[in-house]
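This is my_file-v7.tsv. It holds TSV, C-alpha atoms.
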```tsv
chain	number	residue	atom	x	y	z
H	1	MET	CA	-33.09	-10.59	3.77
H	2	THR	CA	-30.85	-10.46	0.70
H	3	GLY	CA	-29.31	-13.36	-1.18
H	4	ILE	CA	-25.60	-12.79	-1.86
H	5	VAL	CA	-22.83	-14.83	-3.44
H	6	ILE	CA	-19.19	-14.34	-2.38
H	7	ALA	CA	-17.25	-15.17	-5.50
H	8	GLN	CA	-13.86	-16.86	-5.61
H	9	GLN	CA	-12.33	-13.45	-6.38
H	10	PHE	CA	-13.03	-12.42	-2.78
H	11	CYS	CA	-11.29	-15.35	-1.09
H	12	GLY	CA	-8.77	-15.20	1.73
H	13	PRO	CA	-7.60	-18.81	1.95
H	14	PRO	CA	-8.41	-20.53	-1.37
H	15	THR	CA	-11.67	-22.11	-0.14
H	16	SER	CA	-13.01	-19.39	2.16
H	17	GLY	CA	-14.14	-15.79	1.90
H	18	ASN	CA	-11.74	-13.02	2.82
H	19	GLY	CA	-12.36	-12.23	6.48
H	20	GLY	CA	-12.21	-8.46	6.18
H	21	TYR	CA	-14.43	-8.42	3.10
H	22	CYS	CA	-17.08	-10.59	4.78
H	23	ALA	CA	-16.89	-8.56	8.00
H	24	GLY	CA	-17.40	-5.47	5.86
H	25	LEU	CA	-20.53	-6.99	4.33
H	26	LEU	CA	-21.88	-7.35	7.86
H	27	ALA	CA	-21.01	-3.70	8.56
H	28	ARG	CA	-22.03	-1.93	5.35
H	29	ASN	CA	-25.67	-1.29	6.30
H	30	LEU	CA	-24.95	-0.20	9.88
H	31	ALA	CA	-24.01	3.32	10.92
H	32	GLY	CA	-20.98	4.17	13.04
H	33	PRO	CA	-18.63	1.62	14.61
H	34	VAL	CA	-19.57	-2.01	13.97
H	35	ILE	CA	-18.46	-5.23	15.67
H	36	ALA	CA	-18.36	-8.06	13.11
H	37	VAL	CA	-17.89	-11.62	14.37
H	38	LEU	CA	-17.03	-14.44	11.97
H	39	LYS	CA	-18.26	-17.75	13.35
H	40	ALA	CA	-17.46	-20.27	10.59
H	41	ARG	CA	-15.70	-20.68	7.27
H	42	ILE	CA	-17.31	-18.45	4.64
H	43	PRO	CA	-18.26	-20.61	1.64
H	44	LEU	CA	-17.60	-19.34	-1.86
H	45	ASP	CA	-19.80	-19.35	-4.97
H	46	VAL	CA	-22.99	-20.38	-3.14
H	47	THR	CA	-25.99	-18.28	-2.19
H	48	LEU	CA	-25.89	-16.94	1.36
H	49	ASP	CA	-28.50	-14.82	3.15
H	50	LEU	CA	-27.65	-11.43	4.62
H	51	SER	CA	-30.26	-9.77	6.82
H	52	SER	CA	-29.77	-6.31	8.33
H	53	ASP	CA	-31.68	-3.82	10.44
H	54	SER	CA	-30.71	-1.07	12.86
H	55	ALA	CA	-30.00	-3.69	15.56
H	56	GLY	CA	-27.46	-5.63	13.52
H	57	SER	CA	-26.86	-8.04	10.67
H	58	ILE	CA	-26.63	-11.81	10.24
H	59	LEU	CA	-25.01	-13.84	7.47
H	60	THR	CA	-26.34	-17.39	7.15
H	61	GLY	CA	-25.27	-20.32	4.99
H	62	PRO	CA	-27.18	-22.63	2.65
H	63	GLU	CA	-28.41	-24.78	5.56
H	64	GLY	CA	-29.38	-21.81	7.70
H	65	GLU	CA	-26.23	-21.94	9.80
H	66	VAL	CA	-25.00	-18.61	11.17
H	67	ILE	CA	-21.68	-17.68	9.58
H	68	GLY	CA	-21.28	-14.14	10.86
H	69	GLU	CA	-22.97	-11.46	12.94
H	70	GLY	CA	-22.63	-7.70	13.05
H	71	ARG	CA	-23.83	-5.33	15.74
H	72	PRO	CA	-23.32	-1.66	16.61
H	73	GLY	CA	-20.17	-0.81	18.52
H	74	VAL	CA	-18.96	2.32	20.28
H	75	PRO	CA	-15.94	4.53	19.59
H	76	GLU	CA	-14.28	3.19	22.76
H	77	ASP	CA	-14.05	-0.21	21.01
H	78	LEU	CA	-11.66	1.28	18.45
H	79	PRO	CA	-7.90	1.85	18.75
H	80	GLN	CA	-6.23	5.23	18.52
H	81	PRO	CA	-3.93	4.94	15.48
H	82	PRO	CA	-0.33	6.11	15.68
H	83	THR	CA	0.57	9.01	13.40
H	84	PRO	CA	0.94	7.57	9.88
H	85	PRO	CA	4.20	7.79	7.99
H	86	ALA	CA	4.63	10.13	5.06
H	87	TRP	CA	3.89	8.74	1.59
H	88	GLU	CA	7.58	8.12	0.79
H	89	ALA	CA	8.11	6.28	4.09
H	90	ALA	CA	5.01	4.15	3.44
H	91	LEU	CA	6.40	3.26	0.01
H	92	ALA	CA	9.70	2.25	1.60
H	93	ALA	CA	7.86	0.13	4.19
H	94	GLU	CA	5.89	-1.56	1.41
H	95	ALA	CA	9.16	-2.77	-0.10
H	96	ARG	CA	9.80	-4.60	3.21
H	97	HIS	CA	6.55	-6.58	3.07
H	98	ILE	CA	7.38	-10.03	4.39
H	99	GLY	CA	5.17	-11.66	1.77
H	100	ILE	CA	7.54	-10.58	-0.99
H	101	GLY	CA	10.01	-13.33	-0.14
H	102	GLN	CA	7.62	-15.83	1.48
H	103	ARG	CA	4.34	-17.36	0.32
H	104	PHE	CA	1.40	-16.86	2.67
H	105	HIS	CA	-1.90	-16.65	0.79
H	106	PRO	CA	-0.82	-15.84	-2.79
H	107	ILE	CA	-4.37	-15.45	-4.14
H	108	CYS	CA	-5.87	-13.65	-1.13
H	109	PHE	CA	-8.13	-10.77	-2.21
H	110	SER	CA	-6.40	-8.43	0.23
H	111	CYS	CA	-2.70	-9.34	0.19
H	112	GLY	CA	-2.24	-11.88	-2.61
H	113	PRO	CA	0.73	-10.97	-4.84
H	114	GLU	CA	-0.62	-13.21	-7.61
H	115	ARG	CA	-3.73	-11.05	-7.97
H	116	ALA	CA	-3.56	-8.42	-10.71
H	117	GLU	CA	-4.44	-4.77	-10.11
H	118	GLY	CA	-8.21	-4.40	-10.18
H	119	VAL	CA	-8.73	-8.09	-9.35
H	120	GLY	CA	-7.16	-8.07	-5.88
H	121	LEU	CA	-6.27	-5.19	-3.60
H	122	ARG	CA	-2.51	-5.89	-3.40
H	123	VAL	CA	-2.10	-4.43	0.11
H	124	PHE	CA	1.53	-5.15	1.04
H	125	ALA	CA	2.21	-3.72	4.50
H	126	GLY	CA	5.81	-3.78	5.73
H	127	GLN	CA	7.86	-2.59	8.69
H	128	ILE	CA	8.09	1.21	9.09
H	129	GLU	CA	11.71	2.29	9.48
H	130	GLY	CA	12.40	3.49	13.02
H	131	ALA	CA	9.00	2.37	14.36
H	132	PRO	CA	8.42	-0.34	17.01
H	133	GLU	CA	8.64	-3.88	15.66
H	134	GLY	CA	5.42	-4.87	13.95
H	135	HIS	CA	4.30	-1.32	13.13
H	136	LEU	CA	3.61	-1.61	9.41
H	137	ALA	CA	2.52	0.58	6.54
H	138	CYS	CA	2.03	0.60	2.79
H	139	THR	CA	0.44	2.67	0.09
H	140	TRP	CA	-2.88	1.75	-1.48
H	141	ILE	CA	-4.78	3.36	-4.35
H	142	PRO	CA	-8.36	2.01	-4.62
H	143	HIS	CA	-9.00	0.70	-8.12
H	144	ALA	CA	-11.90	1.91	-10.24
H	145	ASN	CA	-13.04	-1.71	-10.70
H	146	PHE	CA	-14.28	-1.70	-7.10
H	147	ALA	CA	-15.95	1.72	-7.08
H	148	ASP	CA	-19.69	2.18	-6.69
H	149	THR	CA	-21.84	4.38	-8.92
H	150	GLU	CA	-20.62	7.47	-7.05
H	151	GLY	CA	-16.99	6.57	-7.68
H	152	LEU	CA	-16.45	5.72	-4.01
H	153	THR	CA	-14.84	2.60	-2.53
H	154	PRO	CA	-17.46	0.31	-0.88
H	155	VAL	CA	-17.31	-0.36	2.85
H	156	GLU	CA	-16.57	-4.07	2.38
H	157	VAL	CA	-13.56	-3.30	0.15
H	158	ILE	CA	-12.20	-0.85	2.74
H	159	TRP	CA	-12.56	-3.49	5.45
H	160	ALA	CA	-10.79	-5.99	3.18
H	161	ALA	CA	-7.89	-3.58	2.68
H	162	LEU	CA	-7.52	-3.40	6.48
H	163	ASP	CA	-7.72	-7.19	6.97
H	164	CYS	CA	-4.32	-8.76	6.34
H	165	PRO	CA	-2.04	-5.94	7.61
H	166	GLY	CA	-3.10	-6.76	11.19
H	167	PHE	CA	-2.05	-10.38	10.71
H	168	PHE	CA	1.31	-9.35	9.24
H	169	ALA	CA	1.92	-7.00	12.17
H	170	TRP	CA	2.13	-10.09	14.38
H	171	VAL	CA	4.11	-12.12	11.86
H	172	VAL	CA	6.76	-9.38	11.75
H	173	ARG	CA	6.79	-9.14	15.54
H	174	GLU	CA	6.79	-12.86	16.46
H	175	GLY	CA	7.64	-14.92	13.40
H	176	ARG	CA	5.61	-16.84	10.87
H	177	HIS	CA	2.45	-18.62	12.06
H	178	GLY	CA	-1.11	-19.30	10.93
H	179	ALA	CA	-4.09	-17.30	12.19
H	180	LEU	CA	-7.71	-16.64	11.29
H	181	LEU	CA	-9.65	-13.41	11.74
H	182	GLY	CA	-12.32	-13.91	14.42
H	183	THR	CA	-13.64	-10.44	15.23
H	184	MET	CA	-13.14	-7.09	13.53
H	185	THR	CA	-14.52	-3.90	15.03
H	186	GLY	CA	-14.31	-1.05	12.56
H	187	GLU	CA	-15.53	2.36	11.53
H	188	VAL	CA	-15.34	4.07	8.14
H	189	LEU	CA	-15.20	7.85	8.55
H	190	ARG	CA	-14.88	8.69	4.86
H	191	ARG	CA	-14.84	6.41	1.85
H	192	PRO	CA	-11.96	7.21	-0.52
H	193	ARG	CA	-12.64	7.78	-4.18
H	194	ALA	CA	-11.27	5.40	-6.79
H	195	GLY	CA	-7.75	6.54	-7.64
H	196	GLU	CA	-7.26	8.44	-4.37
H	197	PRO	CA	-3.83	7.75	-2.84
H	198	CYS	CA	-4.13	6.19	0.63
H	199	ILE	CA	-1.85	4.82	3.34
H	200	VAL	CA	-2.65	1.65	5.32
H	201	THR	CA	-1.09	1.12	8.74
H	202	ALA	CA	-1.15	-1.75	11.27
H	203	TRP	CA	0.33	-2.40	14.68
H	204	PRO	CA	0.16	-5.23	17.28
H	205	LEU	CA	-1.77	-4.55	20.49
H	206	GLU	CA	-1.63	-7.56	22.80
H	207	ARG	CA	-1.56	-11.33	22.87
H	208	SER	CA	-3.53	-13.53	25.27
H	209	GLY	CA	-3.60	-17.31	24.90
H	210	ARG	CA	-4.52	-18.08	21.30
H	211	LYS	CA	-5.75	-14.54	20.66
H	212	GLU	CA	-3.70	-11.79	19.07
H	213	THR	CA	-5.18	-8.31	18.78
H	214	ALA	CA	-4.09	-5.68	16.30
H	215	GLY	CA	-5.00	-2.16	15.26
H	216	VAL	CA	-5.32	-1.14	11.63
H	217	ALA	CA	-6.10	2.17	9.97
H	218	LEU	CA	-6.58	3.83	6.60
H	219	PHE	CA	-5.39	7.38	5.94
H	220	SER	CA	-5.37	9.76	3.02
H	221	ALA	CA	-1.92	10.61	1.65
H	222	GLU	CA	-2.19	13.88	3.60
H	223	GLY	CA	-2.79	12.07	6.90
H	224	GLU	CA	-6.59	12.31	7.22
H	225	LEU	CA	-7.99	9.32	9.11
H	226	LEU	CA	-10.46	7.55	6.82
H	227	ALA	CA	-11.09	4.28	8.68
H	228	ARG	CA	-9.81	2.32	11.66
H	229	ALA	CA	-10.40	-1.08	13.21
H	230	HIS	CA	-9.56	-3.42	16.07
H	231	GLN	CA	-8.96	-7.06	15.17
H	232	VAL	CA	-8.92	-10.31	17.09
H	233	TRP	CA	-6.92	-13.07	15.40
H	234	ILE	CA	-7.06	-16.71	16.51
H	235	PHE	CA	-3.74	-18.32	15.77
H	236	MET	CA	-3.71	-21.87	14.49
H	237	SER	CA	-0.07	-22.67	15.20
H	238	ALA	CA	2.14	-21.17	17.88
H	239	PRO	CA	4.68	-18.53	16.81
H	240	PRO	CA	8.28	-19.75	16.89
H	241	ARG	CA	10.21	-18.88	20.02
H	242	PRO	CA	13.81	-17.69	20.11
H	243	ALA	CA	16.33	-20.37	21.01
H	244	ALA	CA	17.63	-20.28	24.58
H	245	ALA	CA	20.97	-18.55	25.00
```
Please go through the file and, once you have read it, give me the structure as structure tokens.
Amino acid sequence: MTGIVIAQQFCGPPTSGNGGYCAGLLARNLAGPVIAVLKARIPLDVTLDLSSDSAGSILTGPEGEVIGEGRPGVPEDLPQPPTPPAWEAALAAEARHIGIGQRFHPICFSCGPERAEGVGLRVFAGQIEGAPEGHLACTWIPHANFADTEGLTPVEVIWAALDCPGFFAWVVREGRHGALLGTMTGEVLRRPRAGEPCIVTAWPLERSGRKETAGVALFSAEGELLARAHQVWIFMSAPPRPAAA
């Protein structure tokens, strides 16, 4: 068991840990695909306990409450990503990020535009021209501030980079609404080096009741698949519906 503190820097909403980052903490000591389930708000700036073995991982709070669990998954749990756009097309999609003109979570570690380079990840996925509605992409260059001693991007930072694009895939498709990440099933095939140009993609899968599922992926600039994940989002307010004709 290891004591860890999730600092304010790694928030999603202002008073809770970033879902992808915390799911990545549950996954980082497990090999292959991992299913990470977030069960409660992740408190910031307090000591939490993270225990891991080959069977899985558990994150518990100050009172011993279970906040998250990770367990081995299988490749069949993961989506098959669509072919990523070229670098120039991903740059153009990034300029269409819906968060440019609207405020969602401005200080979110993953997508917050008020976070400086090297403090937040600044992942701004936007609609890919000519792709189905909600198929998003952007560029991302991992910052050296997040690299480990080998110069590689940690698993939890990769999972954080894949977090918010899945939410925005549904916002672009259905309209603005609130949602929280419940489950993220992911696999990191290769960790990019700090400074290595990457492309992030996201696409909606299906909606059932209050659950929206999305696929997300990380590629090298040359199109090598580096990581992929399946997400389950629990929406807090219903998406707006088109007015009747």
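Closest approach to Cys164 of chain H among H:Ala89, H:Gly56, H:Gly20, H:Asp77: H:Gly20, based on all atoms listed in the file.
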If we count only C-alpha atoms, what is near Ile199 of chain H at a cut-off of 10 Å, once residues fewer than 4 positions away on the same chain are taken out, given as an NGL selection string? :H and (84-87 or 90-91 or 123 or 125 or 137-141 or 217-226)
Students should find that atom CA of Leu50 of chain H and atom CA of Leu30 of chain H are spaced 12.7 Å
Closest atom pairs, segment 10-120 of chain H residues within 10 Å of segment 166-170 of chain H, only C-alpha atoms, as JSON lines:
```
{"residue": "H:His97", "atom": "CA", "partner": "H:Phe168", "partner_atom": "CA", "distance": 8.6}
{"residue": "H:Ile98", "atom": "CA", "partner": "H:Phe168", "partner_atom": "CA", "distance": 7.8}
{"residue": "H:Gly99", "atom": "CA", "partner": "H:Phe168", "partner_atom": "CA", "distance": 8.7}
{"residue": "H:Phe104", "atom": "CA", "partner": "H:Phe168", "partner_atom": "CA", "distance": 10.0}
{"residue": "H:Cys111", "atom": "CA", "partner": "H:Phe168", "partner_atom": "CA", "distance": 9.9}
```
Selection to disk with C-alpha atoms, as a CSV table (one decimal), in the frame of the given file:
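part_1.csv was written with the following content:
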```
chain,number,residue,atom,x,y,z
H,97,HIS,CA,6.6,-6.6,3.1
H,98,ILE,CA,7.4,-10.0,4.4
H,99,GLY,CA,5.2,-11.7,1.8
H,104,PHE,CA,1.4,-16.9,2.7
H,111,CYS,CA,-2.7,-9.3,0.2
```
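Closest approach to Ala31 of chain H among H:Val171, H:Leu121, H:Ile128, H:Val188 is made by H:Val188 (distances from only C-alpha atoms).
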From the list H:Pro142, H:Pro82, H:Pro43, H:Pro132, the nearest residue to Val172 of chain H using all atoms listed in the file is H:Pro132
The distance between atom CA of Met236 of chain H and atom CA of Gly178 of chain H is 5.1 Å
Calculate, to one decimal in Å, the centre and edge lengths of the box along x, y and z of the file that holds all listed atoms of segment 20-31 of chain H with 3 Å of margin on each side, and present them as lines of an AutoDock Vina configuration file.
```
center_x = -18.9
center_y = -3.6
center_z = 7.0
size_x = 19.5
size_y = 19.9
size_z = 13.8
```
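Counting from atom CA of Cys11 of chain H, the distance to atom CA of Ala194 of chain H is 21.5 Å.
Near Asn145 of chain H, within a cut-off of 10 Å and counting all atoms listed in the file, sit the residues Glu117, Gly118, Val119, Gly120, Gly151, Thr153 and Ala194 of chain H, with same-chain residues fewer than 6 positions away left out.
Among the candidates H:Ala160, H:Ile42, H:Ile234, H:Met184, the residue lying nearest to Thr60 of chain H is H:Ile42 (atoms considered: only C-alpha atoms).
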With 6 Å as the threshold, what does the neighbourhood of (-24.6, -7.8, 14.8) contain in terms of residues, counting all atoms listed in the file? Coordinates are those of the file; answer as a compact mmCIF listing (two decimals) with C-alpha atoms, in the coordinates of the input.
```
# COMPACT_ATOMS: atom_id res chain seq x y z
CA GLY H 56 -27.46 -5.63 13.52
CA SER H 57 -26.86 -8.04 10.67
CA GLU H 69 -22.97 -11.46 12.94
CA GLY H 70 -22.63 -7.70 13.05
CA ARG H 71 -23.83 -5.33 15.74
```
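Distance annotation: of H:Arg191, H:His135, H:Arg122, H:Arg41, the residue with the minimal separation from Ala227 of chain H is H:Arg191; atom set is all atoms listed in the file.
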Restricting to all atoms listed in the file, whichever of H:Leu44, H:Ile4, H:Ile35, H:Leu59 is closest to Pro75 of chain H is H:Ile35
Open item on the list: Residues near Gln8 of chain H, anyone? I mean within 8 Å using all atoms listed in the file, not counting same-chain ones fewer than 5 positions away, as an MDAnalysis selection string.
Closed with: chainID H and resid 14:15 17 44:45
Same residues, C-alpha atoms, saved as a compact mmCIF listing (two decimals), in the frame of the given file:
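Result file follows (out-v9.txt):
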```txt
# COMPACT_ATOMS: atom_id res chain seq x y z
CA PRO H 14 -8.41 -20.53 -1.37
CA THR H 15 -11.67 -22.11 -0.14
CA GLY H 17 -14.14 -15.79 1.90
CA LEU H 44 -17.60 -19.34 -1.86
CA ASP H 45 -19.80 -19.35 -4.97
```
